[in-house]
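Asker: The structure under discussion is supplied below as structure tokens; questions concerning it will follow.
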Amino acid sequence: MGMKNESIRACPRCGSVRLRALSLREGGIPGISEVSGLFYCNDCEKHVVPVIFQNMNEYRKFLEGLGGKAHI
């Protein structure tokens, strides 16, 4: 089971990677919400600008700083 060398986008509040672009009802604009950087976290239910990690080690260190584990 190998991961591609892709960046990891995580919620700065809870560490979750379960993020999605804002819907129209939430004030998002199709194709623009992703570019603006504003996302919705499905776990803490907040609008956030995600933290981007280059690899899993960086992400794990971030989670340790939050004091726990998030949904990966």
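Following the order of the structure tokens, first chain is A, next is B, and so on, with residues numbered from 1 inside each chain and ligands from 1 in the order they appear.
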Against range 15-24 of chain A, which residues of range 31-68 of chain A fall within 8 Å? For each one I want the closest pair of atoms and the distance in Å (one decimal), counting only C-alpha atoms, rows by chain and increasing residue number, as a Markdown table.
Answerer:
```
| residue | atom | partner | partner_atom | distance |
| --- | --- | --- | --- | --- |
| A:Ser33 | CA | A:Ala21 | CA | 5.8 |
| A:Glu34 | CA | A:Ala21 | CA | 5.8 |
| A:Leu38 | CA | A:Ala21 | CA | 7.0 |
| A:Phe39 | CA | A:Ala21 | CA | 4.7 |
| A:Tyr40 | CA | A:Arg20 | CA | 5.4 |
| A:Cys41 | CA | A:Leu19 | CA | 4.6 |
| A:Asn42 | CA | A:Arg18 | CA | 5.7 |
| A:Asp43 | CA | A:Ser16 | CA | 6.7 |
| A:Phe62 | CA | A:Gly15 | CA | 7.6 |
| A:Leu63 | CA | A:Gly15 | CA | 6.2 |
| A:Leu66 | CA | A:Gly15 | CA | 7.4 |
```
Asker: With C-alpha atoms retained, could you export that selection as a PDB file, in the first residue's frame?
Answerer:
```pdb
ATOM      1  CA  SER A  33     -13.753  28.124  -3.647  1.00  0.00           C
ATOM      2  CA  GLU A  34     -10.823  25.757  -4.144  1.00  0.00           C
ATOM      3  CA  LEU A  38     -11.472  28.336   1.991  1.00  0.00           C
ATOM      4  CA  PHE A  39     -12.779  24.857   2.790  1.00  0.00           C
ATOM      5  CA  TYR A  40     -15.299  23.219   5.117  1.00  0.00           C
ATOM      6  CA  CYS A  41     -14.055  20.664   7.652  1.00  0.00           C
ATOM      7  CA  ASN A  42     -16.455  17.735   7.942  1.00  0.00           C
ATOM      8  CA  ASP A  43     -15.191  16.882  11.434  1.00  0.00           C
ATOM      9  CA  PHE A  62       1.368  18.456  13.390  1.00  0.00           C
ATOM     10  CA  LEU A  63      -1.090  15.924  14.837  1.00  0.00           C
ATOM     11  CA  LEU A  66      -2.628  18.916  18.502  1.00  0.00           C
TER      12      LEU A  66
END
```
Asker: Hey, which of A:Cys14, A:Gly37, A:Pro30, A:Arg9 ends up closest to Tyr59 in chain A? Count only C-alpha atoms.
Answerer: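 The answer is A:Arg9, which sits nearest to Tyr59 in chain A.
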Asker: Just want the 10 Å neighbourhood of Ser36 in chain A, counted on only C-alpha atoms, with same-chain residues fewer than 5 positions away dropped. Output as a list in words.
Answerer: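 The contact residues come out as Ala21, Gly28, Ile29, Gly31 and Val49 of chain A.
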Asker: Run DSSP on the backbone of this structure and report the residues of range 19-69 of chain A it assigns to strand (DSSP E or B), as a short mmCIF file (atom, residue, chain, number, x, y, z; two decimals) with N, CA and C atoms, in the first residue's frame.
Answerer:
```cif
data_model
loop_
_atom_site.label_atom_id
_atom_site.label_comp_id
_atom_site.auth_asym_id
_atom_site.auth_seq_id
_atom_site.Cartn_x
_atom_site.Cartn_y
_atom_site.Cartn_z
N LEU A 19 -11.80 17.43 4.28
CA LEU A 19 -12.16 18.80 3.90
C LEU A 19 -12.84 18.77 2.54
N ARG A 20 -13.69 19.75 2.31
CA ARG A 20 -14.33 19.89 1.00
C ARG A 20 -14.50 21.38 0.69
N ALA A 21 -14.60 21.66 -0.59
CA ALA A 21 -14.85 23.03 -1.01
C ALA A 21 -16.23 23.45 -0.52
N PHE A 39 -12.16 26.18 2.83
CA PHE A 39 -12.78 24.86 2.79
C PHE A 39 -13.65 24.66 4.02
N TYR A 40 -14.45 23.61 3.99
CA TYR A 40 -15.30 23.22 5.12
C TYR A 40 -14.74 21.93 5.69
N CYS A 41 -14.53 21.87 6.99
CA CYS A 41 -14.05 20.66 7.65
C CYS A 41 -15.26 19.84 8.09
N HIS A 47 -15.43 26.56 8.76
CA HIS A 47 -14.80 27.02 7.52
C HIS A 47 -13.34 27.30 7.87
N VAL A 48 -12.43 26.72 7.10
CA VAL A 48 -11.01 26.84 7.42
C VAL A 48 -10.17 27.05 6.16
N VAL A 51 -3.99 23.74 6.31
CA VAL A 51 -2.54 23.69 6.38
C VAL A 51 -2.12 22.62 5.38
N ILE A 52 -1.08 22.90 4.61
CA ILE A 52 -0.64 21.94 3.59
C ILE A 52 0.72 21.38 4.00
N PHE A 53 0.78 20.05 4.02
CA PHE A 53 2.01 19.34 4.39
C PHE A 53 2.56 18.63 3.17
#
```
Asker: When you draw a straight line from CA of Arg13 in chain A to CA of Arg25 in chain A, how long is it in Å?
Answerer: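 So the answer is 22.5 Å.
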Asker: So the first atom is CA of Ser7 in chain A and the second is CA of Met56 in chain A; what is the distance between them in Å, to one decimal place?
Answerer: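 Distance between the two atoms: 8.5 Å.
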Asker: Grab the CA of Asn55 in chain A to CA of Cys11 in chain A distance for me, in Å with one decimal place.
Answerer: 15.2 Å
